[in-house]
file start_1.pdb (PDB, C-alpha atoms)
ATOM      1  CA  MET A1064      46.351  10.024  28.476
ATOM      2  CA  ALA A1065      47.275  13.627  27.866
ATOM      3  CA  ASP A1066      44.950  16.627  27.735
ATOM      4  CA  GLN A1067      41.249  15.989  28.226
ATOM      5  CA  THR A1068      38.111  17.690  26.938
ATOM      6  CA  VAL A1069      34.744  17.858  28.642
ATOM      7  CA  VAL A1070      31.728  19.305  26.834
ATOM      8  CA  LEU A1071      28.835  20.277  29.090
ATOM      9  CA  THR A1072      25.324  20.633  27.704
ATOM     10  CA  PRO A1073      22.000  21.168  29.462
ATOM     11  CA  GLY A1074      19.677  18.184  29.591
ATOM     12  CA  THR A1075      17.185  16.382  31.790
ATOM     13  CA  ASN A1076      17.395  13.297  33.959
ATOM     14  CA  PRO A1077      14.862  10.416  33.729
ATOM     15  CA  LYS A1078      12.584  12.280  36.205
ATOM     16  CA  GLY A1079      12.482  15.271  33.860
ATOM     17  CA  ASP A1080      14.601  17.508  36.128
ATOM     18  CA  PHE A1081      17.431  19.671  34.792
ATOM     19  CA  GLU A1082      20.753  17.855  34.687
ATOM     20  CA  TRP A1083      24.075  18.646  33.042
ATOM     21  CA  GLN A1084      25.186  16.183  30.387
ATOM     22  CA  MET A1085      28.944  15.535  30.353
ATOM     23  CA  ASN A1086      30.732  14.384  27.199
ATOM     24  CA  LEU A1087      34.269  13.305  28.177
ATOM     25  CA  ASN A1088      36.750  13.071  25.295
ATOM     26  CA  ASN A1089      33.979  12.581  22.697
ATOM     27  CA  THR A1090      32.672   9.369  24.308
ATOM     28  CA  GLY A1091      29.059  10.561  24.295
ATOM     29  CA  ALA A1092      27.085  12.785  26.657
ATOM     30  CA  LYS A1093      26.140  11.213  29.980
ATOM     31  CA  GLY A1094      24.195  12.449  32.983
ATOM     32  CA  ALA A1095      24.851  11.525  36.603
ATOM     33  CA  PRO A1096      26.705   9.498  37.647
ATOM     34  CA  TYR A1097      29.289  11.348  35.597
ATOM     35  CA  PRO A1098      32.313   9.598  34.123
ATOM     36  CA  ALA A1099      35.565  10.039  36.074
ATOM     37  CA  ILE A1100      38.344  11.985  34.425
ATOM     38  CA  ILE A1101      41.292   9.580  34.515
ATOM     39  CA  VAL A1102      44.762  11.091  34.978
ATOM     40  CA  GLY A1103      47.497   8.518  34.481
ATOM     41  CA  HIS A1104      50.702   8.310  36.493
ATOM     42  CA  GLY A1105      53.157  10.953  35.302
ATOM     43  CA  ASP A1106      50.555  12.863  33.254
ATOM     44  CA  THR A1107      49.951  16.580  33.745
ATOM     45  CA  PRO A1108      46.889  17.212  31.598
ATOM     46  CA  ILE A1109      45.037  20.380  30.848
ATOM     47  CA  ILE A1110      41.364  19.551  31.360
ATOM     48  CA  THR A1111      39.182  21.833  29.238
ATOM     49  CA  PHE A1112      35.524  22.217  30.209
ATOM     50  CA  THR A1113      33.313  23.827  27.549
ATOM     51  CA  ILE A1114      29.670  24.909  27.906
ATOM     52  CA  GLN A1115      27.546  24.335  24.790
ATOM     53  CA  ASN A1116      23.921  25.183  24.002
ATOM     54  CA  ALA A1117      23.316  27.006  27.289
ATOM     55  CA  PRO A1118      22.621  30.687  26.548
ATOM     56  CA  GLY A1119      23.129  32.929  29.578
ATOM     57  CA  VAL A1120      25.236  30.329  31.439
ATOM     58  CA  SER A1121      28.940  30.960  31.939
ATOM     59  CA  PHE A1122      32.003  30.141  34.005
ATOM     60  CA  THR A1123      33.469  32.614  36.484
ATOM     61  CA  ASP A1124      36.840  32.777  38.220
ATOM     62  CA  LYS A1125      35.202  30.942  41.153
ATOM     63  CA  SER A1126      33.629  28.168  39.056
ATOM     64  CA  PHE A1127      36.111  25.388  39.873
ATOM     65  CA  LEU A1128      36.031  24.318  43.513
ATOM     66  CA  VAL A1129      38.551  21.720  44.698
ATOM     67  CA  PRO A1130      39.596  20.667  48.227
ATOM     68  CA  ALA A1131      42.638  22.500  49.614
ATOM     69  CA  GLU A1132      44.529  19.226  50.073
ATOM     70  CA  ALA A1133      44.430  18.614  46.303
ATOM     71  CA  LYS A1134      47.613  20.584  45.701
ATOM     72  CA  GLY A1135      48.670  20.854  42.097
ATOM     73  CA  VAL A1136      45.174  21.196  40.618
ATOM     74  CA  HIS A1137      44.782  24.795  39.480
ATOM     75  CA  VAL A1138      42.597  26.847  37.162
ATOM     76  CA  GLN A1139      44.746  27.842  34.209
ATOM     77  CA  SER A1140      42.267  30.131  32.440
ATOM     78  CA  VAL A1141      38.595  31.114  32.490
ATOM     79  CA  GLN A1142      36.512  32.360  29.579
ATOM     80  CA  PRO A1143      32.720  32.698  29.632
ATOM     81  CA  THR A1144      32.161  29.252  28.060
ATOM     82  CA  GLU A1145      35.579  27.636  28.602
ATOM     83  CA  LEU A1146      37.386  26.657  31.794
ATOM     84  CA  LYS A1147      40.893  25.168  31.681
ATOM     85  CA  VAL A1148      42.268  23.299  34.695
ATOM     86  CA  HIS A1149      45.853  22.025  34.986
ATOM     87  CA  ASP A1150      46.334  18.844  37.024
ATOM     88  CA  LYS A1151      49.914  18.522  38.307
ATOM     89  CA  ASN A1152      48.818  16.668  41.435
ATOM     90  CA  LEU A1153      51.245  13.929  42.513
ATOM     91  CA  ALA A1154      48.836  12.287  44.970
ATOM     92  CA  LYS A1155      47.120   9.067  44.034
ATOM     93  CA  GLY A1156      43.380   8.800  44.509
ATOM     94  CA  GLN A1157      40.114  10.464  43.643
ATOM     95  CA  ILE A1158      39.826  14.236  43.725
ATOM     96  CA  PRO A1159      36.275  15.472  44.242
ATOM     97  CA  TYR A1160      35.553  18.832  42.681
ATOM     98  CA  VAL A1161      32.549  20.987  41.914
ATOM     99  CA  ILE A1162      31.900  23.204  38.935
ATOM    100  CA  ALA A1163      29.564  26.109  39.639
ATOM    101  CA  PHE A1164      28.002  28.223  36.924
ATOM    102  CA  ASP A1165      26.910  31.811  36.621
ATOM    103  CA  GLY A1166      23.311  31.860  35.389
ATOM    104  CA  GLN A1167      22.515  28.251  36.421
ATOM    105  CA  PRO A1168      21.970  27.123  40.014
ATOM    106  CA  THR A1169      22.681  23.442  39.259
ATOM    107  CA  LYS A1170      26.295  22.476  39.981
ATOM    108  CA  LEU A1171      28.299  19.632  38.503
ATOM    109  CA  ASP A1172      30.314  17.329  40.762
ATOM    110  CA  PRO A1173      32.229  14.657  38.845
ATOM    111  CA  ILE A1174      35.526  13.101  39.990
ATOM    112  CA  ILE A1175      39.128  13.296  38.796
ATOM    113  CA  ASP A1176      40.627   9.834  39.304
ATOM    114  CA  ASN A1177      44.292  10.653  39.790
ATOM    115  CA  ASP A1178      46.709   7.757  39.428
ATOM    116  CA  GLY A1179      49.567   9.757  40.915
ATOM    117  CA  GLY A1180      49.588  12.175  38.023
ATOM    118  CA  GLY A1181      51.953  15.110  37.854
ATOM    119  CA  HIS A1182      55.646  14.820  37.196
ATOM    120  CA  ILE A1183      57.654  11.993  38.670
ATOM    121  CA  ALA A1184      60.408  14.553  39.370
ATOM    122  CA  PRO A1185      59.247  17.963  40.672
ATOM    123  CA  ASP A1186      58.481  20.574  38.063
ATOM    124  CA  LEU A1187      61.005  23.251  39.012
ATOM    125  CA  ALA A1188      59.291  25.749  36.749
ATOM    126  CA  SER A1189      56.165  25.487  38.890
ATOM    127  CA  THR A1190      55.615  28.287  41.389
ATOM    128  CA  ASP A1191      54.372  25.625  43.842
ATOM    129  CA  ILE A1192      57.860  24.133  44.016
ATOM    130  CA  ALA A1193      60.364  26.521  42.397
ATOM    131  CA  PHE A1194      60.304  29.355  44.906
ATOM    132  CA  PRO A1195      60.577  27.228  48.052
ATOM    133  CA  ALA A1196      63.287  25.077  46.449
ATOM    134  CA  LEU A1197      65.279  28.043  45.140
ATOM    135  CA  GLY A1198      64.759  29.941  48.389
ATOM    136  CA  GLY A1199      66.155  27.021  50.394
ATOM    137  CA  PHE A1200      69.100  26.743  48.029
ATOM    138  CA  ALA A1201      69.850  30.464  48.263
ATOM    139  CA  VAL A1202      69.694  30.377  52.075
ATOM    140  CA  SER A1203      72.070  27.397  52.230
ATOM    141  CA  VAL A1204      74.595  29.110  49.921
ATOM    142  CA  ILE A1205      74.492  32.320  51.975
ATOM    143  CA  LEU A1206      74.878  30.408  55.256
ATOM    144  CA  THR A1207      77.800  28.439  53.861
ATOM    145  CA  LEU A1208      79.568  31.625  52.768
ATOM    146  CA  VAL A1209      78.914  33.405  56.080
ATOM    147  CA  LEU A1210      80.026  30.460  58.210
ATOM    148  CA  ARG A1211      83.112  29.980  56.069
ATOM    149  CA  SER A1212      84.130  33.628  56.444
ATOM    150  CA  MET A1213      83.488  33.532  60.204
ATOM    151  CA  SER A1214      85.654  30.491  60.797
ATOM    152  CA  GLY A1215      88.786  32.595  60.441
ATOM    153  CA  LYS A1216      90.723  29.767  58.847
ATOM    154  CA  ARG A1217      92.132  30.632  55.558
ATOM    155  CA  GLY A1218      93.503  28.268  53.061
ATOM    156  CA  PRO A1219      97.188  28.173  52.160
ATOM    157  CA  VAL A1220      98.445  31.185  50.287
ATOM    158  CA  GLU A1221     100.400  30.543  47.127
ATOM    159  CA  ARG A1222     103.638  32.452  46.787
TER
END

call {"tool": "encode", "arguments": {"input": "start_1.pdb", "output": "structure tokens"}}
result
Amino acid sequence: MADQTVVLTPGTNPKGDFEWQMNLNNTGAKGAPYPAIIVGHGDTPIITFTIQNAPGVSFTDKSFLVPAEAKGVHVQSVQPTELKVHDKNLAKGQIPYVIAFDGQPTKLDPIIDNDGGGHIAPDLASTDIAFPALGGFAVSVILTLVLRSMSGKRGPVER
């Protein structure tokens, strides 16, 4: 499955307490336990969270909280009622995350069920991989040239 959409609306649980309702990919709004966002092997979806019918509630740049070990899951953009997250995580397993809101103390804590998403081959355009990979390549080229010039052996000269 490619990109995913999550619409969040305020609601109440069976006890009458406030609870976010989560509508994942137009499958119908559900309260807790929230449906898992499934990321298939090799997929790198943009997951778009949208707040609807909640005046005064918004996302902030600190709204998406994910464990540090979940590398490859990053906030792509934040608007007051829209949060986009890019999942390029190669690890297989469930990624717990929390969405916090400005103007609403109740947080949302569904799961991303990652089936080894991300690219099968590293995404060299990604800053997570490109700079270390290119840096290592540049260092190896420089070392090769320096060591070659220091060896003092020169190849045969054509006459």

call {"tool": "resolve_selection", "arguments": {"input": "start_1.pdb", "expression": "the PyMOL selection byres ((chain A and resi 1066) around 6)", "output": "ChimeraX atom specification"}}
result
/A:1065,1067,1108-1110

call {"tool": "closest_residue", "arguments": {"input": "start_1.pdb", "among": "A:Gly1105, A:Pro1159, A:Pro1143, A:Gly1074", "to": "A:Pro1130", "atoms": "all atoms listed in the file"}}
result
A:Pro1159

call {"tool": "closest_residue", "arguments": {"input": "start_1.pdb", "among": "A:Asp1172, A:Glu1082, A:Glu1145, A:Asp1124", "to": "A:Phe1112", "atoms": "only C-alpha atoms"}}
result
A:Glu1145

call {"tool": "resolve_selection", "arguments": {"input": "start_1.pdb", "expression": "the PyMOL selection byres ((chain A and resi 1084) around 7)", "output": "list in words"}}
result
Leu1071, Thr1072, Pro1073, Gly1074, Glu1082, Trp1083, Met1085, Asn1086, Ala1092, Lys1093 and Gly1094 of chain A

call {"tool": "atom_distance", "arguments": {"input": "start_1.pdb", "atom1": "atom CA of A:Lys1155", "atom2": "atom CA of A:Val1129"}}
result
15.3 Å

call {"tool": "decode", "arguments": {"input": "start_1.pdb", "residues": "stretch 1082-1151 of chain A", "atoms": "C-alpha atoms", "output": "mmCIF file, in the first residue's frame"}}
result
data_model
loop_
_atom_site.group_PDB
_atom_site.id
_atom_site.type_symbol
_atom_site.label_atom_id
_atom_site.label_comp_id
_atom_site.auth_asym_id
_atom_site.auth_seq_id
_atom_site.Cartn_x
_atom_site.Cartn_y
_atom_site.Cartn_z
ATOM 1 C CA GLU A 1082 -11.629 10.151 22.736
ATOM 2 C CA TRP A 1083 -10.137 10.767 19.306
ATOM 3 C CA GLN A 1084 -11.804 8.897 16.464
ATOM 4 C CA MET A 1085 -9.379 7.666 13.790
ATOM 5 C CA ASN A 1086 -10.512 7.061 10.209
ATOM 6 C CA LEU A 1087 -7.711 5.202 8.386
ATOM 7 C CA ASN A 1088 -7.913 5.289 4.582
ATOM 8 C CA ASN A 1089 -11.689 5.929 4.607
ATOM 9 C CA THR A 1090 -12.495 2.678 6.451
ATOM 10 C CA GLY A 1091 -14.690 4.415 9.027
ATOM 11 C CA ALA A 1092 -13.889 6.273 12.242
ATOM 12 C CA LYS A 1093 -12.850 4.100 15.174
ATOM 13 C CA GLY A 1094 -11.900 4.849 18.761
ATOM 14 C CA ALA A 1095 -9.356 2.955 20.840
ATOM 15 C CA PRO A 1096 -7.968 0.454 20.166
ATOM 16 C CA TYR A 1097 -6.949 2.304 17.029
ATOM 17 C CA PRO A 1098 -6.297 0.503 13.756
ATOM 18 C CA ALA A 1099 -2.619 -0.102 12.931
ATOM 19 C CA ILE A 1100 -1.174 1.709 9.954
ATOM 20 C CA ILE A 1101 0.250 -1.096 7.810
ATOM 21 C CA VAL A 1102 3.426 -0.343 5.839
ATOM 22 C CA GLY A 1103 4.270 -3.127 3.412
ATOM 23 C CA HIS A 1104 7.766 -4.358 2.618
ATOM 24 C CA GLY A 1105 9.484 -1.944 0.241
ATOM 25 C CA ASP A 1106 6.884 0.820 0.705
ATOM 26 C CA THR A 1107 7.865 4.343 1.728
ATOM 27 C CA PRO A 1108 4.506 5.988 2.354
ATOM 28 C CA ILE A 1109 3.643 9.505 3.315
ATOM 29 C CA ILE A 1110 1.159 9.193 6.173
ATOM 30 C CA THR A 1111 -1.086 12.262 6.318
ATOM 31 C CA PHE A 1112 -2.908 12.989 9.577
ATOM 32 C CA THR A 1113 -5.719 15.556 9.311
ATOM 33 C CA ILE A 1114 -7.726 17.101 12.167
ATOM 34 C CA GLN A 1115 -11.410 17.683 11.365
ATOM 35 C CA ASN A 1116 -14.217 19.288 13.371
ATOM 36 C CA ALA A 1117 -11.972 20.306 16.271
ATOM 37 C CA PRO A 1118 -11.867 24.118 16.471
ATOM 38 C CA GLY A 1119 -8.885 25.416 18.445
ATOM 39 C CA VAL A 1120 -6.956 22.122 18.143
ATOM 40 C CA SER A 1121 -3.850 21.987 15.976
ATOM 41 C CA PHE A 1122 -0.596 20.183 15.279
ATOM 42 C CA THR A 1123 2.766 21.681 16.208
ATOM 43 C CA ASP A 1124 6.306 20.845 15.127
ATOM 44 C CA LYS A 1125 6.530 18.632 18.242
ATOM 45 C CA SER A 1126 3.253 16.770 17.641
ATOM 46 C CA PHE A 1127 4.714 13.503 16.318
ATOM 47 C CA LEU A 1128 6.712 11.586 18.912
ATOM 48 C CA VAL A 1129 8.493 8.395 17.839
ATOM 49 C CA PRO A 1130 11.213 6.336 19.575
ATOM 50 C CA ALA A 1131 14.784 7.235 18.584
ATOM 51 C CA GLU A 1132 15.453 3.684 17.381
ATOM 52 C CA ALA A 1133 12.754 4.059 14.703
ATOM 53 C CA LYS A 1134 15.169 5.563 12.198
ATOM 54 C CA GLY A 1135 13.645 6.546 8.898
ATOM 55 C CA VAL A 1136 10.332 7.820 10.284
ATOM 56 C CA HIS A 1137 10.367 11.602 9.983
ATOM 57 C CA VAL A 1138 7.926 14.500 9.975
ATOM 58 C CA GLN A 1139 7.803 15.832 6.433
ATOM 59 C CA SER A 1140 5.582 18.868 7.039
ATOM 60 C CA VAL A 1141 3.325 20.400 9.687
ATOM 61 C CA GLN A 1142 0.335 22.661 9.127
ATOM 62 C CA PRO A 1143 -2.191 23.597 11.818
ATOM 63 C CA THR A 1144 -4.611 20.795 10.844
ATOM 64 C CA GLU A 1145 -2.333 18.552 8.753
ATOM 65 C CA LEU A 1146 0.725 16.522 9.724
ATOM 66 C CA LYS A 1147 2.676 14.550 7.110
ATOM 67 C CA VAL A 1148 5.055 11.787 8.192
ATOM 68 C CA HIS A 1149 7.387 9.906 5.829
ATOM 69 C CA ASP A 1150 8.121 6.282 6.742
ATOM 70 C CA LYS A 1151 11.372 5.062 5.158
#
